file target-v7.cif (mmCIF, C-alpha atoms)
data_target
loop_
_atom_site.label_atom_id
_atom_site.label_comp_id
_atom_site.auth_asym_id
_atom_site.auth_seq_id
_atom_site.Cartn_x
_atom_site.Cartn_y
_atom_site.Cartn_z
CA MET K 75 1.28 -5.10 6.38
CA GLU K 76 -0.49 -3.72 9.45
CA LEU K 77 -0.39 -0.13 8.27
CA LEU K 78 -2.29 -0.94 5.08
CA GLY K 79 -4.23 -3.92 6.42
CA LEU K 80 -2.73 -6.28 3.83
CA THR K 81 -3.39 -9.99 3.95
CA ASP K 82 -0.50 -12.44 3.92
CA GLU K 83 -1.30 -13.25 0.28
CA GLU K 84 -1.30 -9.57 -0.71
CA LEU K 85 2.04 -8.98 1.00
CA CYS K 86 3.56 -12.08 -0.63
CA ALA K 87 2.40 -10.88 -4.06
CA THR K 88 3.68 -7.36 -3.42
CA LEU K 89 7.13 -8.52 -2.35
CA ASP K 90 7.21 -11.52 -4.73
CA VAL K 91 8.03 -13.96 -1.92
CA ASP K 92 6.61 -17.26 -0.81
CA PRO K 93 4.65 -17.57 2.45
CA LEU K 94 7.53 -19.39 4.17
CA SER K 95 9.89 -16.46 3.54
CA LEU K 96 7.23 -14.12 4.88
CA LEU K 97 6.67 -16.17 8.03
CA SER K 98 10.39 -16.60 8.68
CA GLY K 99 10.97 -12.86 8.43
CA GLN K 100 13.53 -13.17 5.63
CA LEU K 101 12.47 -9.98 3.88
CA ASP K 102 15.33 -7.63 4.69
CA HIS K 103 16.97 -8.32 1.32
CA ARG K 104 13.92 -7.11 -0.63
CA PRO K 105 14.70 -3.62 -2.00
CA GLU K 106 10.99 -2.96 -2.52
CA LEU K 107 10.36 -3.20 1.20
CA SER K 108 12.50 -0.23 2.19
CA ILE K 109 11.11 1.90 -0.64
CA LEU K 110 7.52 1.06 0.22
CA LEU K 111 8.13 1.71 3.90
CA ALA K 112 9.65 5.10 3.13
CA LEU K 113 6.66 6.03 0.96
CA LEU K 114 4.22 4.88 3.60
CA ASP K 115 6.05 6.63 6.44
CA GLU K 116 5.55 9.89 4.61
CA ALA K 117 1.86 9.14 4.02
CA ALA K 118 1.35 7.99 7.62
CA GLU K 119 2.55 11.36 8.89
CA ARG K 120 -0.41 13.02 7.16
CA THR K 121 -3.07 10.32 7.39
CA SER K 122 -4.33 8.04 10.15
CA PRO K 123 -3.66 4.29 9.90
CA ALA K 124 -7.41 3.65 9.59
CA ALA K 125 -7.65 6.07 6.66
CA LEU K 126 -4.65 4.43 4.96
CA ARG K 127 -6.31 1.01 5.26
CA ARG K 128 -9.45 2.40 3.60
CA TRP K 129 -7.49 4.38 1.00
CA VAL K 130 -5.47 1.39 -0.24
CA ARG K 131 -8.70 -0.42 -1.19
CA ALA K 132 -10.64 2.62 -2.45
CA SER K 133 -10.94 3.43 -6.14
CA GLY K 134 -8.96 6.49 -7.04
CA PRO K 135 -8.14 8.34 -10.25
CA ALA K 136 -5.85 5.49 -11.38
CA GLY K 137 -7.68 2.55 -9.80
CA ARG K 138 -7.21 0.99 -6.38
CA PRO K 139 -3.75 1.35 -4.81
CA ILE K 140 -3.89 -2.29 -3.63
CA GLY K 141 -4.13 -3.32 -7.29
CA ALA K 142 -0.89 -1.53 -8.06
CA LEU K 143 0.81 -3.17 -5.08
CA VAL K 144 -0.13 -6.77 -5.77
CA THR K 145 0.74 -6.45 -9.46
CA ARG K 146 4.06 -4.90 -8.42
CA ASP K 147 3.38 -1.68 -10.32
CA PHE K 148 5.35 0.37 -7.83
CA ALA K 149 5.42 3.47 -10.04
CA ALA K 150 1.60 3.54 -10.05
CA PHE K 151 1.55 3.00 -6.27
CA GLU K 152 4.02 5.86 -5.81
CA ASP K 153 1.76 8.05 -7.96
CA ALA K 154 -1.22 7.07 -5.80
CA VAL K 155 0.69 7.98 -2.64
CA GLN K 156 1.65 11.29 -4.23
CA ALA K 157 -1.99 11.97 -5.09
CA LEU K 158 -2.92 11.14 -1.50
CA ALA K 159 -0.34 13.63 -0.26
CA GLU K 160 -1.61 16.33 -2.62
CA ARG K 161 -5.39 15.81 -2.38
CA GLY K 162 -5.85 13.92 0.85
CA PHE K 163 -8.17 10.96 1.12
CA VAL K 164 -11.30 12.02 -0.74
CA ILE K 165 -14.48 10.10 0.02
CA ARG K 166 -17.17 10.54 -2.58
CA GLY K 167 -20.84 10.29 -1.79
CA GLY K 168 -22.87 7.29 -2.80
CA GLY K 169 -25.24 9.38 -4.93
CA GLY K 170 -28.15 9.14 -2.51
CA ASP K 171 -30.40 11.99 -1.51
CA GLY K 172 -29.24 14.14 1.08
#

call {"tool": "encode", "arguments": {"input": "target-v7.cif", "output": "structure tokens"}}
result
Amino acid sequence: MELLGLTDEELCATLDVDPLSLLSGQLDHRPELSILLALLDEAAERTSPAALRRWVRASGPAGRPIGALVTRDFAAFEDAVQALAERGFVIRGGGGDG
């Protein structure tokens, strides 16, 4: 949650849990959690936490990674993490002069 700057609502949607389960810390049984943490550990080794928080909300080749998370499209999120590992976090210019 902290690594990606997710809100409580985003984390609940990602893990398909209610807020009470989130607050009580009863998430160890969620298989998605360990997989996501493993993916993010790998990404965090190459990218700063601040860049990861920006990346998860930035539009990429397949949309925004946060969109894949909250809709529980973990394959698309894994692809986005893979693209991040291969290309890095690419920031495109705003099209202004300069």

call {"tool": "closest_residue", "arguments": {"input": "target-v7.cif", "among": "K:Leu107, K:Leu114, K:Ala159, K:Leu96", "to": "Asp82 of chain K", "atoms": "only C-alpha atoms"}}
result
K:Leu96

call {"tool": "residues_around", "arguments": {"input": "target-v7.cif", "residues": "Pro105 of chain K", "least_positions_apart": "5", "cutoff": "12 Å", "atoms": "only C-alpha atoms", "output": "PyMOL selection string"}}
result
chain K and resi 88-90+110-112+148

call {"tool": "residues_around", "arguments": {"input": "target-v7.cif", "residues": "Ala136 of chain K", "least_positions_apart": "5", "cutoff": "9 Å", "atoms": "only C-alpha atoms", "output": "PyMOL selection string"}}
result
chain K and resi 150+153-154

call {"tool": "atom_distance", "arguments": {"input": "target-v7.cif", "atom1": "atom CA of Ile109 of chain K", "atom2": "atom CA of Ala149 of chain K"}}
result
11.1 Å

call {"tool": "atom_distance", "arguments": {"input": "target-v7.cif", "atom1": "atom CA of Val130 of chain K", "atom2": "atom CA of Gln156 of chain K"}}
result
12.8 Å

call {"tool": "closest_residue", "arguments": {"input": "target-v7.cif", "among": "K:Glu106, K:Ala157, K:Pro93, K:Ser122", "to": "Pro139 of chain K", "atoms": "only C-alpha atoms"}}
result
K:Ala157

call {"tool": "closest_residue", "arguments": {"input": "target-v7.cif", "among": "K:Ala142, K:Leu94, K:Val155, K:Met75", "to": "Glu116 of chain K", "atoms": "only C-alpha atoms"}}
result
K:Val155

call {"tool": "atom_distance", "arguments": {"input": "target-v7.cif", "atom1": "atom CA of Val91 of chain K", "atom2": "atom CA of Thr145 of chain K"}}
result
12.9 Å

call {"tool": "axis_aligned_box", "arguments": {"input": "target-v7.cif", "around": "segment 87-105 of chain K", "padding_each_side": "6 Å", "output": "JSON"}}
result
{"center_x": 9.7, "center_y": -11.5, "center_z": 2.0, "size_x": 26.6, "size_y": 27.8, "size_z": 25.4}

call {"tool": "resolve_selection", "arguments": {"input": "target-v7.cif", "expression": "the PyMOL selection byres ((chain K and resi 127) around 12)", "output": "ChimeraX atom specification"}}
result
/K:75-81,114,117-118,121-126,128-132,138-140,163

call {"tool": "decode", "arguments": {"input": "target-v7.cif", "residues": "segment 96-171 of chain K", "atoms": "C-alpha atoms", "output": "tab-separated table (two decimals), in the first residue's frame"}}
result
chain	number	residue	atom	x	y	z
K	96	LEU	CA	-7.99	-4.62	5.81
K	97	LEU	CA	-7.99	-2.74	9.12
K	98	SER	CA	-7.78	-5.92	11.18
K	99	GLY	CA	-4.77	-7.14	9.20
K	100	GLN	CA	-6.44	-10.39	8.14
K	101	LEU	CA	-4.82	-10.47	4.72
K	102	ASP	CA	-2.26	-13.24	5.11
K	103	HIS	CA	-4.60	-15.77	3.49
K	104	ARG	CA	-4.84	-13.76	0.25
K	105	PRO	CA	-2.66	-15.48	-2.37
K	106	GLU	CA	-2.61	-12.30	-4.46
K	107	LEU	CA	-0.79	-10.45	-1.71
K	108	SER	CA	2.35	-12.59	-1.77
K	109	ILE	CA	2.47	-12.56	-5.57
K	110	LEU	CA	2.06	-8.80	-5.76
K	111	LEU	CA	4.67	-8.26	-3.07
K	112	ALA	CA	7.14	-10.46	-4.93
K	113	LEU	CA	6.54	-8.53	-8.16
K	114	LEU	CA	6.92	-5.22	-6.40
K	115	ASP	CA	10.04	-6.26	-4.50
K	116	GLU	CA	11.71	-6.90	-7.82
K	117	ALA	CA	10.55	-3.54	-9.20
K	118	ALA	CA	11.56	-1.70	-6.02
K	119	GLU	CA	15.14	-2.93	-6.41
K	120	ARG	CA	15.39	-1.00	-9.69
K	121	THR	CA	13.12	1.97	-9.03
K	122	SER	CA	12.69	4.41	-6.15
K	123	PRO	CA	9.47	4.29	-4.10
K	124	ALA	CA	8.56	7.78	-5.34
K	125	ALA	CA	8.94	6.66	-8.96
K	126	LEU	CA	6.80	3.57	-8.30
K	127	ARG	CA	4.03	5.74	-6.85
K	128	ARG	CA	4.10	7.91	-10.00
K	129	TRP	CA	4.41	4.92	-12.33
K	130	VAL	CA	1.35	3.09	-10.96
K	131	ARG	CA	-0.86	6.07	-11.89
K	132	ALA	CA	0.86	6.99	-15.17
K	133	SER	CA	-0.52	5.94	-18.53
K	134	GLY	CA	1.63	3.31	-20.15
K	135	PRO	CA	1.43	1.20	-23.29
K	136	ALA	CA	-1.43	-0.85	-21.81
K	137	GLY	CA	-3.10	1.83	-19.69
K	138	ARG	CA	-2.48	2.76	-16.07
K	139	PRO	CA	-1.12	-0.01	-13.82
K	140	ILE	CA	-3.50	1.08	-11.02
K	141	GLY	CA	-6.39	0.27	-13.35
K	142	ALA	CA	-5.15	-3.29	-13.74
K	143	LEU	CA	-4.77	-3.63	-9.97
K	144	VAL	CA	-8.19	-2.42	-8.92
K	145	THR	CA	-9.93	-4.49	-11.59
K	146	ARG	CA	-7.88	-7.48	-10.43
K	147	ASP	CA	-6.29	-7.99	-13.85
K	148	PHE	CA	-3.09	-9.32	-12.33
K	149	ALA	CA	-1.74	-10.59	-15.65
K	150	ALA	CA	-1.90	-7.05	-17.07
K	151	PHE	CA	-0.26	-5.68	-13.91
K	152	GLU	CA	2.51	-8.27	-14.19
K	153	ASP	CA	3.01	-7.22	-17.82
K	154	ALA	CA	3.23	-3.58	-16.72
K	155	VAL	CA	5.84	-4.46	-14.09
K	156	GLN	CA	7.77	-6.40	-16.74
K	157	ALA	CA	7.65	-3.39	-19.07
K	158	LEU	CA	8.89	-1.22	-16.22
K	159	ALA	CA	11.79	-3.61	-15.67
K	160	GLU	CA	12.66	-3.62	-19.38
K	161	ARG	CA	12.15	0.05	-20.27
K	162	GLY	CA	12.34	1.84	-16.96
K	163	PHE	CA	9.90	4.56	-16.00
K	164	VAL	CA	9.58	6.70	-19.12
K	165	ILE	CA	8.23	10.21	-18.65
K	166	ARG	CA	7.00	11.79	-21.85
K	167	GLY	CA	7.04	15.50	-22.43
K	168	GLY	CA	3.87	17.54	-22.33
K	169	GLY	CA	4.29	18.71	-25.93
K	170	GLY	CA	5.27	22.25	-25.00
K	171	ASP	CA	8.07	24.23	-26.57
